[in-house]
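Listing of protein32.tsv; format and content: TSV, C-alpha atoms.
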```tsv
chain	number	residue	atom	x	y	z
S	1	MET	CA	-54.71	-44.95	248.08
S	2	ASN	CA	-56.76	-47.13	245.78
S	3	PRO	CA	-57.86	-45.09	242.74
S	4	MET	CA	-61.21	-46.90	242.58
S	5	ASP	CA	-62.18	-45.44	245.99
S	6	GLU	CA	-62.09	-42.01	244.41
S	7	LEU	CA	-64.33	-42.96	241.49
S	8	PRO	CA	-67.82	-42.34	243.01
S	9	GLN	CA	-66.71	-38.86	244.06
S	10	LYS	CA	-65.44	-38.18	240.52
S	11	ILE	CA	-68.70	-39.36	238.97
S	12	GLU	CA	-70.68	-37.18	241.36
S	13	HIS	CA	-68.53	-34.22	240.39
S	14	LEU	CA	-69.07	-35.03	236.71
S	15	VAL	CA	-72.86	-35.21	237.02
S	16	HIS	CA	-72.85	-32.01	239.06
S	17	GLU	CA	-70.80	-30.25	236.41
S	18	LEU	CA	-73.22	-31.35	233.68
S	19	SER	CA	-76.27	-30.12	235.59
S	20	VAL	CA	-77.77	-26.68	235.09
S	21	LEU	CA	-75.79	-24.16	237.17
S	22	PRO	CA	-75.32	-20.39	237.18
S	23	PHE	CA	-72.69	-19.62	234.56
S	24	ASN	CA	-70.27	-17.92	236.93
S	25	ASP	CA	-70.71	-20.04	240.06
S	26	MET	CA	-70.10	-23.80	240.06
S	27	ASN	CA	-71.53	-24.25	243.57
S	28	GLY	CA	-74.57	-22.01	243.25
S	29	THR	CA	-78.15	-22.92	242.52
S	30	VAL	CA	-80.35	-21.62	239.72
S	31	GLU	CA	-83.15	-19.40	240.99
S	32	GLY	CA	-85.89	-18.11	238.76
S	33	PRO	CA	-86.50	-18.74	235.09
S	34	LEU	CA	-84.40	-15.87	233.75
S	35	THR	CA	-81.09	-16.76	235.40
S	36	LEU	CA	-78.16	-16.92	233.01
S	37	THR	CA	-77.08	-20.54	233.38
S	38	ASN	CA	-74.04	-22.26	231.95
S	39	TYR	CA	-76.17	-23.85	229.23
S	40	THR	CA	-77.98	-20.67	228.18
S	41	THR	CA	-74.69	-18.77	228.09
S	42	TRP	CA	-73.18	-21.31	225.73
S	43	GLY	CA	-76.43	-21.42	223.77
S	44	ILE	CA	-76.28	-17.65	223.26
S	45	ILE	CA	-72.62	-17.93	222.22
S	46	ALA	CA	-73.52	-20.63	219.69
S	47	LEU	CA	-76.45	-18.60	218.36
S	48	VAL	CA	-74.30	-15.48	217.99
S	49	THR	CA	-71.62	-17.51	216.20
S	50	THR	CA	-74.18	-18.95	213.79
S	51	VAL	CA	-75.68	-15.55	213.03
S	52	LEU	CA	-72.23	-13.93	212.58
S	53	ILE	CA	-70.95	-16.65	210.25
S	54	PHE	CA	-74.02	-16.55	208.04
S	55	THR	CA	-74.39	-12.78	207.87
S	56	PHE	CA	-70.67	-12.48	207.07
S	57	VAL	CA	-70.80	-15.04	204.28
S	58	ALA	CA	-74.11	-13.82	202.87
S	59	ARG	CA	-73.06	-10.16	202.79
S	60	ARG	CA	-69.71	-10.94	201.24
S	61	GLU	CA	-71.17	-13.20	198.59
S	62	SER	CA	-74.03	-10.85	197.69
S	63	ARG	CA	-71.51	-8.02	197.26
S	64	ARG	CA	-69.49	-10.22	194.93
S	65	MET	CA	-72.64	-11.22	193.04
S	66	LYS	CA	-73.42	-7.56	192.50
S	67	LEU	CA	-69.85	-6.99	191.31
S	68	ALA	CA	-70.18	-9.90	188.90
S	69	ALA	CA	-73.44	-8.51	187.54
S	70	GLU	CA	-71.83	-5.10	186.97
S	71	SER	CA	-68.55	-6.25	185.46
S	72	GLY	CA	-69.95	-9.31	183.71
S	73	SER	CA	-67.03	-11.51	184.77
S	74	THR	CA	-68.02	-14.98	185.93
S	75	ALA	CA	-64.88	-15.39	188.05
S	76	GLU	CA	-66.57	-13.34	190.80
S	77	LEU	CA	-69.34	-15.93	191.08
S	78	ALA	CA	-67.05	-18.63	192.46
S	79	PRO	CA	-66.83	-18.90	196.28
S	80	SER	CA	-64.14	-16.52	197.46
S	81	SER	CA	-62.52	-18.81	200.00
S	82	ARG	CA	-62.58	-22.34	201.34
S	83	PHE	CA	-64.65	-21.23	204.31
S	84	VAL	CA	-67.32	-19.67	202.12
S	85	SER	CA	-67.31	-22.79	199.97
S	86	MET	CA	-67.84	-24.94	203.06
S	87	ILE	CA	-70.78	-22.83	204.24
S	88	GLU	CA	-72.27	-22.83	200.76
S	89	SER	CA	-72.12	-26.60	200.47
S	90	GLY	CA	-73.70	-26.82	203.93
S	91	VAL	CA	-76.60	-24.64	202.85
S	92	GLU	CA	-76.91	-26.63	199.65
S	93	PHE	CA	-77.04	-29.83	201.69
S	94	ILE	CA	-79.95	-28.45	203.72
S	95	ARG	CA	-81.78	-27.21	200.62
S	96	ASP	CA	-81.39	-30.58	198.88
S	97	MET	CA	-82.71	-32.27	202.00
S	98	ALA	CA	-85.71	-29.93	202.15
S	99	VAL	CA	-86.49	-30.50	198.48
S	100	ASP	CA	-86.01	-34.24	198.89
S	101	VAL	CA	-88.28	-34.56	201.92
S	102	ILE	CA	-90.89	-31.80	201.60
S	103	GLY	CA	-91.08	-31.60	197.82
S	104	PRO	CA	-89.72	-29.37	195.02
S	105	LYS	CA	-92.53	-26.81	195.32
S	106	GLU	CA	-92.81	-26.32	199.07
S	107	GLY	CA	-89.32	-27.43	200.09
S	108	PRO	CA	-87.13	-24.38	199.38
S	109	LYS	CA	-89.39	-22.20	201.56
S	110	TYR	CA	-88.26	-24.10	204.64
S	111	THR	CA	-84.53	-24.05	203.86
S	112	ALA	CA	-83.89	-21.09	206.15
S	113	LEU	CA	-85.76	-22.65	209.07
S	114	LEU	CA	-84.16	-26.08	208.72
S	115	GLY	CA	-80.74	-24.53	208.14
S	116	THR	CA	-81.05	-22.48	211.32
S	117	PHE	CA	-81.97	-25.57	213.33
S	118	PHE	CA	-79.15	-27.59	211.77
S	119	PHE	CA	-76.31	-25.11	212.11
S	120	MET	CA	-77.42	-23.85	215.52
S	121	ILE	CA	-77.46	-27.39	216.93
S	122	LEU	CA	-74.28	-28.40	215.11
S	123	ILE	CA	-72.25	-25.40	216.24
S	124	SER	CA	-73.63	-25.73	219.76
S	125	ASN	CA	-72.67	-29.41	219.85
S	126	PHE	CA	-69.17	-28.58	218.66
S	127	TYR	CA	-68.86	-25.99	221.44
S	128	GLY	CA	-69.88	-28.74	223.84
S	129	LEU	CA	-66.97	-30.89	222.69
S	130	ILE	CA	-64.43	-28.22	223.62
S	131	PRO	CA	-63.28	-28.95	227.19
S	132	GLY	CA	-64.97	-26.37	229.42
S	133	GLY	CA	-67.66	-25.67	226.86
S	134	LYS	CA	-71.26	-26.71	227.06
S	135	THR	CA	-73.73	-27.69	224.39
S	136	PHE	CA	-77.12	-26.03	224.45
S	137	ALA	CA	-78.58	-29.46	223.69
S	138	GLY	CA	-77.05	-30.92	226.85
S	139	SER	CA	-79.84	-29.60	229.06
S	140	ILE	CA	-83.43	-30.78	228.74
S	141	GLY	CA	-84.65	-27.18	228.84
S	142	GLY	CA	-82.67	-26.25	225.75
S	143	THR	CA	-83.87	-29.18	223.68
S	144	VAL	CA	-87.48	-28.69	224.83
S	145	ALA	CA	-87.26	-25.10	223.59
S	146	LEU	CA	-86.01	-26.27	220.19
S	147	ALA	CA	-88.58	-29.07	219.97
S	148	LEU	CA	-91.44	-26.74	220.94
S	149	LEU	CA	-90.38	-24.36	218.19
S	150	SER	CA	-90.37	-27.20	215.68
S	151	TRP	CA	-93.73	-28.42	217.02
S	152	LEU	CA	-95.31	-24.97	216.78
S	153	ILE	CA	-94.14	-24.63	213.19
S	154	PHE	CA	-95.37	-27.98	211.90
S	155	VAL	CA	-98.71	-27.70	213.70
S	156	TRP	CA	-99.15	-24.16	212.41
S	157	VAL	CA	-98.32	-25.29	208.87
S	158	GLY	CA	-100.78	-28.16	209.23
S	159	PHE	CA	-103.61	-25.89	210.36
S	160	SER	CA	-102.94	-23.17	207.79
S	161	LYS	CA	-102.66	-25.63	204.88
S	162	ASN	CA	-105.61	-27.86	205.71
S	163	GLY	CA	-107.88	-25.69	207.82
S	164	PHE	CA	-108.70	-26.35	211.46
S	165	PHE	CA	-111.00	-29.34	210.93
S	166	GLY	CA	-109.17	-30.51	207.83
S	167	TYR	CA	-105.99	-31.10	209.80
S	168	PHE	CA	-107.80	-33.10	212.47
S	169	LYS	CA	-109.66	-35.03	209.78
S	170	SER	CA	-106.39	-35.83	208.00
S	171	LEU	CA	-105.20	-37.65	211.12
S	172	ILE	CA	-107.62	-40.45	210.18
S	173	PRO	CA	-106.48	-42.37	207.06
S	174	SER	CA	-108.72	-42.05	204.02
S	175	GLY	CA	-109.39	-45.82	203.98
S	176	VAL	CA	-111.06	-45.59	207.36
S	177	ARG	CA	-113.09	-42.55	206.34
S	178	GLU	CA	-114.71	-44.54	203.51
S	179	MET	CA	-115.79	-47.43	205.74
S	180	PRO	CA	-119.40	-48.09	206.84
S	181	LEU	CA	-120.65	-45.88	209.66
S	182	ALA	CA	-119.96	-48.25	212.56
S	183	GLY	CA	-116.39	-48.92	211.41
S	184	ARG	CA	-115.85	-45.23	210.82
S	185	LEU	CA	-116.96	-44.37	214.32
S	186	VAL	CA	-115.13	-47.08	216.26
S	187	LEU	CA	-111.95	-47.49	214.23
S	188	GLY	CA	-111.88	-43.80	213.33
S	189	ALA	CA	-112.09	-42.70	216.95
S	190	TYR	CA	-109.41	-45.19	217.96
S	191	ILE	CA	-107.00	-44.17	215.19
S	192	PHE	CA	-107.74	-40.51	215.83
S	193	LEU	CA	-106.80	-40.95	219.48
S	194	LEU	CA	-103.55	-42.74	218.59
S	195	GLU	CA	-102.61	-40.26	215.88
S	196	PHE	CA	-103.50	-37.31	218.08
S	197	ILE	CA	-101.22	-38.52	220.86
S	198	SER	CA	-98.44	-39.37	218.41
S	199	THR	CA	-98.63	-36.07	216.53
S	200	PHE	CA	-99.19	-33.60	219.33
S	201	LEU	CA	-97.47	-35.22	222.30
S	202	VAL	CA	-95.00	-37.91	221.31
S	203	ARG	CA	-93.37	-36.02	218.42
S	204	PRO	CA	-92.14	-32.99	220.39
S	205	LEU	CA	-91.31	-35.16	223.40
S	206	THR	CA	-89.12	-37.56	221.42
S	207	LEU	CA	-87.50	-34.71	219.48
S	208	ALA	CA	-86.44	-33.09	222.75
S	209	VAL	CA	-85.52	-36.26	224.59
S	210	ARG	CA	-83.53	-37.76	221.72
S	211	LEU	CA	-81.27	-34.76	221.32
S	212	PHE	CA	-80.85	-34.29	225.05
S	213	ALA	CA	-80.20	-37.94	225.85
S	214	ASN	CA	-77.67	-38.39	223.05
S	215	MET	CA	-75.65	-35.34	224.02
S	216	TYR	CA	-75.91	-35.96	227.76
S	217	ALA	CA	-74.99	-39.63	227.48
S	218	GLY	CA	-72.09	-38.77	225.19
S	219	HIS	CA	-70.67	-36.28	227.66
S	220	ILE	CA	-71.11	-38.69	230.56
S	221	ILE	CA	-69.21	-41.36	228.63
S	222	LEU	CA	-66.39	-38.93	227.79
S	223	GLY	CA	-66.33	-37.78	231.39
S	224	VAL	CA	-66.15	-41.33	232.78
S	225	PHE	CA	-63.23	-42.26	230.55
S	226	GLY	CA	-61.57	-38.95	231.40
S	227	ALA	CA	-62.05	-39.66	235.12
S	228	PHE	CA	-60.55	-43.14	234.72
S	229	THR	CA	-57.54	-41.69	232.91
S	230	ALA	CA	-57.05	-39.03	235.57
S	231	LEU	CA	-57.32	-41.58	238.39
S	232	PHE	CA	-54.93	-44.14	236.96
S	233	TRP	CA	-52.44	-41.61	235.56
S	234	PRO	CA	-52.45	-39.27	238.59
S	235	PHE	CA	-50.38	-36.40	237.18
S	236	PHE	CA	-52.62	-33.83	238.81
S	237	GLU	CA	-54.24	-35.88	241.60
S	238	LYS	CA	-52.85	-35.64	245.10
S	239	GLY	CA	-52.55	-38.78	247.23
S	240	LEU	CA	-52.91	-41.36	244.46
S	241	SER	CA	-50.10	-43.76	243.71
S	242	TRP	CA	-48.85	-45.04	240.38
S	243	SER	CA	-48.86	-48.76	239.69
S	244	ILE	CA	-47.92	-50.96	236.74
S	245	GLY	CA	-51.48	-52.21	236.26
S	246	GLY	CA	-52.79	-48.68	236.72
S	247	ILE	CA	-50.65	-47.41	233.85
S	248	GLY	CA	-52.16	-50.12	231.64
S	249	VAL	CA	-55.74	-49.29	232.67
S	250	GLY	CA	-55.00	-45.58	232.18
S	251	ALA	CA	-53.64	-46.24	228.69
S	252	VAL	CA	-56.72	-48.24	227.71
S	253	SER	CA	-59.11	-45.58	229.04
S	254	MET	CA	-57.12	-42.84	227.31
S	255	ALA	CA	-57.39	-44.76	224.03
S	256	PHE	CA	-61.14	-45.19	224.57
S	257	LEU	CA	-61.42	-41.50	225.41
S	258	ILE	CA	-59.88	-40.56	222.07
S	259	ILE	CA	-62.03	-43.05	220.15
S	260	MET	CA	-65.20	-41.90	221.91
S	261	TYR	CA	-64.28	-38.28	221.31
S	262	ALA	CA	-64.08	-38.97	217.58
S	263	PHE	CA	-67.40	-40.81	217.83
S	264	GLU	CA	-68.94	-37.84	219.67
S	265	VAL	CA	-67.93	-35.52	216.83
S	266	PHE	CA	-69.85	-37.88	214.55
S	267	VAL	CA	-72.82	-37.98	216.96
S	268	ALA	CA	-72.86	-34.17	217.15
S	269	PHE	CA	-73.33	-34.08	213.38
S	270	ILE	CA	-75.81	-36.98	213.26
S	271	GLN	CA	-78.03	-35.56	215.98
S	272	ALA	CA	-78.19	-32.14	214.33
S	273	TYR	CA	-79.04	-33.93	211.08
S	274	VAL	CA	-81.69	-36.14	212.68
S	275	PHE	CA	-83.37	-33.20	214.41
S	276	THR	CA	-83.45	-31.27	211.14
S	277	ILE	CA	-84.66	-34.14	209.00
S	278	LEU	CA	-87.38	-35.08	211.50
S	279	THR	CA	-88.59	-31.47	211.53
S	280	ALA	CA	-88.63	-31.66	207.73
S	281	VAL	CA	-90.56	-34.94	207.80
S	282	TYR	CA	-93.11	-33.52	210.25
S	283	ILE	CA	-93.55	-30.40	208.12
S	284	GLN	CA	-93.96	-32.64	205.07
S	285	SER	CA	-96.66	-34.66	206.83
S	286	SER	CA	-98.44	-31.39	207.66
S	287	VAL	CA	-98.11	-29.93	204.16
S	288	HIS	CA	-99.36	-33.07	202.45
S	289	ALA	CA	-101.73	-34.09	205.24
S	290	SER	CA	-104.82	-34.24	203.04
S	291	GLU	CA	-103.18	-36.65	200.59
S	292	HIS	CA	-102.98	-39.62	202.97
W	1	MET	CA	-86.83	-52.58	254.63
W	2	GLU	CA	-85.58	-48.99	254.46
W	3	ALA	CA	-82.03	-50.17	253.96
W	4	LEU	CA	-83.01	-52.05	250.82
W	5	VAL	CA	-84.40	-49.01	249.00
W	6	PRO	CA	-81.15	-47.58	247.50
W	7	GLY	CA	-79.97	-50.97	246.32
W	8	LEU	CA	-83.31	-51.91	244.80
W	9	THR	CA	-83.53	-48.48	243.13
W	10	ALA	CA	-80.12	-49.07	241.57
W	11	ILE	CA	-81.24	-52.50	240.32
W	12	GLY	CA	-84.41	-50.94	238.94
W	13	LYS	CA	-82.44	-48.25	237.12
W	14	GLY	CA	-80.17	-50.83	235.58
W	15	LEU	CA	-83.09	-53.00	234.54
W	16	ALA	CA	-85.05	-50.05	233.13
W	17	TYR	CA	-82.30	-49.01	230.79
W	18	GLY	CA	-81.11	-52.51	230.01
W	19	LEU	CA	-84.56	-53.79	229.06
W	20	ALA	CA	-85.38	-50.61	227.15
W	21	ALA	CA	-82.25	-51.07	225.05
W	22	ILE	CA	-82.96	-54.66	223.91
W	23	GLY	CA	-85.75	-53.94	221.43
W	24	PRO	CA	-84.22	-50.84	219.82
W	25	GLY	CA	-80.87	-52.64	219.65
W	26	VAL	CA	-82.39	-55.43	217.59
W	27	GLY	CA	-84.44	-52.90	215.63
W	28	ILE	CA	-81.52	-50.66	214.69
W	29	GLY	CA	-79.57	-53.75	213.69
W	30	ILE	CA	-82.36	-54.81	211.34
W	31	VAL	CA	-82.74	-51.27	209.93
W	32	GLY	CA	-78.99	-50.92	209.31
W	33	GLY	CA	-78.66	-54.39	207.82
W	34	LYS	CA	-81.60	-53.95	205.48
W	35	ALA	CA	-80.37	-50.52	204.41
W	36	LEU	CA	-76.95	-52.02	203.67
W	37	GLU	CA	-78.61	-54.78	201.64
W	38	ALA	CA	-80.65	-52.23	199.70
W	39	MET	CA	-77.60	-50.05	199.04
W	40	ALA	CA	-75.61	-53.05	197.82
W	41	ARG	CA	-78.42	-53.97	195.43
W	42	GLN	CA	-78.93	-50.45	194.14
W	43	PRO	CA	-75.90	-48.26	194.81
W	44	GLU	CA	-77.43	-45.39	192.81
W	45	MET	CA	-80.19	-45.11	195.44
W	46	ALA	CA	-77.70	-44.95	198.34
W	47	GLY	CA	-78.41	-41.30	199.16
W	48	ARG	CA	-82.15	-41.66	199.56
W	49	ILE	CA	-81.83	-44.98	201.37
W	50	GLN	CA	-79.43	-43.36	203.83
W	51	THR	CA	-81.87	-40.53	204.52
W	52	THR	CA	-84.72	-42.95	205.14
W	53	MET	CA	-82.44	-45.15	207.23
W	54	PHE	CA	-81.59	-42.26	209.53
W	55	ILE	CA	-85.25	-41.43	209.99
W	56	ALA	CA	-86.05	-45.07	210.79
W	57	ILE	CA	-83.14	-45.27	213.22
W	58	ALA	CA	-84.28	-42.08	214.90
W	59	PHE	CA	-87.77	-43.50	215.45
W	60	THR	CA	-86.42	-46.81	216.75
W	61	GLU	CA	-83.88	-45.16	218.98
W	62	ALA	CA	-86.53	-43.03	220.69
W	63	LEU	CA	-87.69	-46.05	222.70
W	64	ALA	CA	-84.24	-46.67	224.12
W	65	LEU	CA	-83.88	-43.01	224.96
W	66	LEU	CA	-87.16	-43.01	226.89
W	67	GLY	CA	-85.67	-45.79	229.00
W	68	PHE	CA	-82.49	-43.80	229.41
W	69	VAL	CA	-84.38	-40.77	230.68
W	70	LEU	CA	-86.47	-42.98	232.97
W	71	THR	CA	-83.21	-44.21	234.49
W	72	PHE	CA	-82.40	-40.67	235.56
W	73	LEU	CA	-85.94	-39.96	236.74
W	74	LEU	CA	-86.10	-43.02	239.01
```
Now, as a test, write the supplied structure out as structure tokens.
Amino acid sequence: MNPMDELPQKIEHLVHELSVLPFNDMNGTVEGPLTLTNYTTWGIIALVTTVLIFTFVARRESRRMKLAAESGSTAELAPSSRFVSMIESGVEFIRDMAVDVIGPKEGPKYTALLGTFFFMILISNFYGLIPGGKTFAGSIGGTVALALLSWLIFVWVGFSKNGFFGYFKSLIPSGVREMPLAGRLVLGAYIFLLEFISTFLVRPLTLAVRLFANMYAGHIILGVFGAFTALFWPFFEKGLSWSIGGIGVGAVSMAFLIIMYAFEVFVAFIQAYVFTILTAVYIQSSVHASEH
Amino acid sequence: MEALVPGLTAIGKGLAYGLAAIGPGVGIGIVGGKALEAMARQPEMAGRIQTTMFIAIAFTEALALLGFVLTFLL
């Protein structure tokens, strides 16, 4: 049988497998908002992993800090293992980013928030790259939840730093506010409308859609190359025949699969980074809203 | 007429994503190229340029992703 005849069925299976399903039943349907789906299950696993890693490292290091303070030896201050050192440099990376983007005074306050976003998304994305695993960010519901959280925080920061009317006023640039009355009314209203839509609607939407689309598209690409490899190298497929050309096509798709897998590891990191840095940028624009 | 609907939908999906990817493709190329130029001129600023570059890429990319999602919604 021609392997290409099987392809549409494989793609359908792939898309079905990437859709939101009950975690224990591949053929079931999700009913009600509180069903434990495959994505929420893996999201909870990722969250628990993140919390465990950080509590473990923090407890261990604070105990050693206390020891160092008692004994006075500086050797206890060094990271105790490679793993701890890795986590520490990760936290440092987030703190430097927060200071860089938000500012030296306000930045460190948001390190915990940004770090939680970053490591939660990163660990979840890495779970998604394990065959059989799912990334929390691979369903639109998961990313909307994350984006809404980020949105709530930067809007709340904006209102609490600038006051209710101050935050709305800061949406209009100061140059427009100093114009003559007619210009202020017409141009001000127009810019206010644009800025309002961009701040309150487009920002959370693009945050959610960017993360979701990148992860979803990445998994589809991996799945398509995997399906090609399985069809042209039918070790496990019944009723498909080997052919010389098929072995070549299978080898090429296998090579692409490996390359794309490496690229997806990179994308998993980049998307976590982009989500975090955009949250930081939005918080910065809320904190310093009255200055521009 | 009814028979044409699936085919035309498929063409529409292809066009939606394809057209949505043109602008951001050019845009990300410009952003990356300019960032590379800037980093070559001032290597000591590479870190900050990279950060800004990622933000710019993220904003540009959003347009392509809207097209991508539209493809699935169609």
message: What does the structure give for the distance between atom CA of Leu149 of chain S and atom CA of Ile94 of chain S, in Å to one decimal?
response: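 A separation of 18.3 Å between them.
Proximity to chain W at a cut-off of 10 Å picks out Met97, Asp100, Val101, Val202, Arg203, Leu205, Thr206, Leu207, Val209, Arg210, Leu211, Phe212, Ala213, Asn214, Ala217, Ile270, Gln271, Tyr273, Val274, Phe275, Ile277, Leu278 and Val281 of chain S on chain S, counting all atoms listed in the file.
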- request: Take atom CA of Val30 of chain S and atom CA of Ile140 of chain S and report the distance between them in Å, one decimal.
  value: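 Distance reported for this atom pair: 14.6 Å.
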task: Please identify all polymer residues within 9 Å of Ile172 of chain S, counting all atoms listed in the file, omitting same-chain residues fewer than 3 positions from it, and present them as a VMD selection string.
output: chain S and resid 168 to 169 175 to 177 188 to 189 191 to 192 195 292
query: What is the distance, in Å and to one decimal place, between atom CA of Phe256 of chain S and atom CA of Leu21 of chain S?
result: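 Answer for the atom CA of Phe256 of chain S to atom CA of Leu21 of chain S separation: 28.6 Å.
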message: So that I can check the surroundings of segment 81-92 of chain S, please list as a list in words every protein, DNA and RNA residue that reaches within 10 Å of it, counting only C-alpha atoms and ignoring chain neighbours fewer than 3 positions away.
response: Ile53, Phe54, Phe56, Val57, Ala58, Arg60, Glu61, Ala78, Arg95, Asp96, Met97, Ala98, Thr111, Ala112, Leu114, Gly115, Thr116, Phe118 and Phe119 of chain S
message: Could you check the closest approach to Ile30 of chain W for each of W:Met53, W:Leu15, W:Leu8, W:Ala46 and tell me which residue wins, using all atoms listed in the file?
response: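 Of W:Met53, W:Leu15, W:Leu8, W:Ala46, the one nearest Ile30 of chain W, counting all atoms listed in the file, is W:Met53.
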Around all listed atoms of segment 28-32 of chain S, padded 4 Å per side, what centre and edge lengths does the axis-aligned box have in Å to one decimal, as JSON?
```
{"center_x": -80.2, "center_y": -20.5, "center_z": 241.0, "size_x": 19.3, "size_y": 12.8, "size_z": 12.5}
```
task: Select all residues near (-51.9, -46.4, 237.4) (cut-off 12 Å, inclusive, file coordinates), counting only C-alpha atoms, and output them as a list in words.
output: Met1, Asn2, Pro3, Met4, Phe228, Thr229, Ala230, Leu231, Phe232, Trp233, Pro234, Phe235, Glu237, Leu240, Ser241, Trp242, Ser243, Ile244, Gly245, Gly246, Ile247, Gly248, Val249, Gly250, Ala251, Val252, Ser253 and Met254 of chain S
query: Using all atoms listed in the file, which of W:Ala35, W:Phe72, W:Val5, W:Gly67 sits nearest Gly18 of chain W?
result: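 For Gly18 of chain W, the nearest of the given residues is W:Gly67.
Here the question is which of S:Ile283, S:Ile130, S:Leu194, S:Ile123 gets nearest to Val155 of chain S using all atoms listed in the file, and that residue is S:Ile283.
When only C-alpha atoms are used to compute distances to Thr143 of chain S, the closest of the residues S:Pro79, S:Gly43, S:Gly166, S:Gly223 turns out to be S:Gly43.
Using all atoms listed in the file, the residues found no farther than 12 Å from Thr9 of chain W, other than those of its own chain fewer than 4 positions away, are Glu2, Ala3, Leu4, Val5, Lys13, Gly14, Leu15, Ala16, Leu70, Thr71, Phe72, Leu73 and Leu74 of chain W.
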query: Could you tell me, as a PyMOL selection string, which residues have any atom at most 9 Å from (-96.3, -29.7, 204.2), counting only C-alpha atoms?
result: chain S and resi 102-103+106-107+154+157-158+161+280-289
Take the selection from the previous step and output its residues with C-alpha atoms, as a compact mmCIF listing (two decimals), keeping the file's coordinate frame.
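Once everything was written out, this is out.txt:
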```
# COMPACT_ATOMS: atom_id res chain seq x y z
CA ILE S 102 -90.89 -31.80 201.60
CA GLY S 103 -91.08 -31.60 197.82
CA GLU S 106 -92.81 -26.32 199.07
CA GLY S 107 -89.32 -27.43 200.09
CA PHE S 154 -95.37 -27.98 211.90
CA VAL S 157 -98.32 -25.29 208.87
CA GLY S 158 -100.78 -28.16 209.23
CA LYS S 161 -102.66 -25.63 204.88
CA ALA S 280 -88.63 -31.66 207.73
CA VAL S 281 -90.56 -34.94 207.80
CA TYR S 282 -93.11 -33.52 210.25
CA ILE S 283 -93.55 -30.40 208.12
CA GLN S 284 -93.96 -32.64 205.07
CA SER S 285 -96.66 -34.66 206.83
CA SER S 286 -98.44 -31.39 207.66
CA VAL S 287 -98.11 -29.93 204.16
CA HIS S 288 -99.36 -33.07 202.45
CA ALA S 289 -101.73 -34.09 205.24
```
Residue completion, segment 25-39 of chain W, N, CA and C atoms, as a PDB file, in the frame of the given file:
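Printed below is result_23.pdb as written:
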```pdb
ATOM      1  N   GLY W  25     -82.141 -52.077 220.142  1.00  0.00           N
ATOM      2  CA  GLY W  25     -80.870 -52.640 219.650  1.00  0.00           C
ATOM      3  C   GLY W  25     -81.107 -53.574 218.485  1.00  0.00           C
ATOM      4  N   VAL W  26     -82.046 -54.499 218.677  1.00  0.00           N
ATOM      5  CA  VAL W  26     -82.390 -55.430 217.590  1.00  0.00           C
ATOM      6  C   VAL W  26     -82.930 -54.640 216.397  1.00  0.00           C
ATOM      7  N   GLY W  27     -83.792 -53.664 216.702  1.00  0.00           N
ATOM      8  CA  GLY W  27     -84.440 -52.900 215.630  1.00  0.00           C
ATOM      9  C   GLY W  27     -83.440 -52.130 214.792  1.00  0.00           C
ATOM     10  N   ILE W  28     -82.498 -51.443 215.445  1.00  0.00           N
ATOM     11  CA  ILE W  28     -81.520 -50.660 214.690  1.00  0.00           C
ATOM     12  C   ILE W  28     -80.627 -51.594 213.879  1.00  0.00           C
ATOM     13  N   GLY W  29     -80.336 -52.771 214.452  1.00  0.00           N
ATOM     14  CA  GLY W  29     -79.570 -53.750 213.690  1.00  0.00           C
ATOM     15  C   GLY W  29     -80.286 -54.142 212.409  1.00  0.00           C
ATOM     16  N   ILE W  30     -81.587 -54.411 212.519  1.00  0.00           N
ATOM     17  CA  ILE W  30     -82.360 -54.810 211.340  1.00  0.00           C
ATOM     18  C   ILE W  30     -82.392 -53.663 210.325  1.00  0.00           C
ATOM     19  N   VAL W  31     -82.659 -52.426 210.838  1.00  0.00           N
ATOM     20  CA  VAL W  31     -82.740 -51.270 209.930  1.00  0.00           C
ATOM     21  C   VAL W  31     -81.417 -51.091 209.184  1.00  0.00           C
ATOM     22  N   GLY W  32     -80.302 -51.124 209.942  1.00  0.00           N
ATOM     23  CA  GLY W  32     -78.990 -50.920 209.310  1.00  0.00           C
ATOM     24  C   GLY W  32     -78.671 -52.014 208.322  1.00  0.00           C
ATOM     25  N   GLY W  33     -78.967 -53.269 208.713  1.00  0.00           N
ATOM     26  CA  GLY W  33     -78.660 -54.390 207.820  1.00  0.00           C
ATOM     27  C   GLY W  33     -79.449 -54.317 206.533  1.00  0.00           C
ATOM     28  N   LYS W  34     -80.744 -54.014 206.673  1.00  0.00           N
ATOM     29  CA  LYS W  34     -81.600 -53.950 205.480  1.00  0.00           C
ATOM     30  C   LYS W  34     -81.170 -52.787 204.578  1.00  0.00           C
ATOM     31  N   ALA W  35     -80.800 -51.659 205.217  1.00  0.00           N
ATOM     32  CA  ALA W  35     -80.370 -50.520 204.410  1.00  0.00           C
ATOM     33  C   ALA W  35     -79.093 -50.868 203.648  1.00  0.00           C
ATOM     34  N   LEU W  36     -78.200 -51.600 204.314  1.00  0.00           N
ATOM     35  CA  LEU W  36     -76.950 -52.020 203.670  1.00  0.00           C
ATOM     36  C   LEU W  36     -77.248 -52.927 202.483  1.00  0.00           C
ATOM     37  N   GLU W  37     -78.206 -53.863 202.705  1.00  0.00           N
ATOM     38  CA  GLU W  37     -78.610 -54.780 201.640  1.00  0.00           C
ATOM     39  C   GLU W  37     -79.146 -53.983 200.439  1.00  0.00           C
ATOM     40  N   ALA W  38     -80.027 -53.024 200.761  1.00  0.00           N
ATOM     41  CA  ALA W  38     -80.650 -52.230 199.700  1.00  0.00           C
ATOM     42  C   ALA W  38     -79.594 -51.423 198.954  1.00  0.00           C
ATOM     43  N   MET W  39     -78.627 -50.864 199.703  1.00  0.00           N
ATOM     44  CA  MET W  39     -77.600 -50.050 199.040  1.00  0.00           C
ATOM     45  C   MET W  39     -76.676 -50.909 198.189  1.00  0.00           C
TER      46      MET W  39
END
```
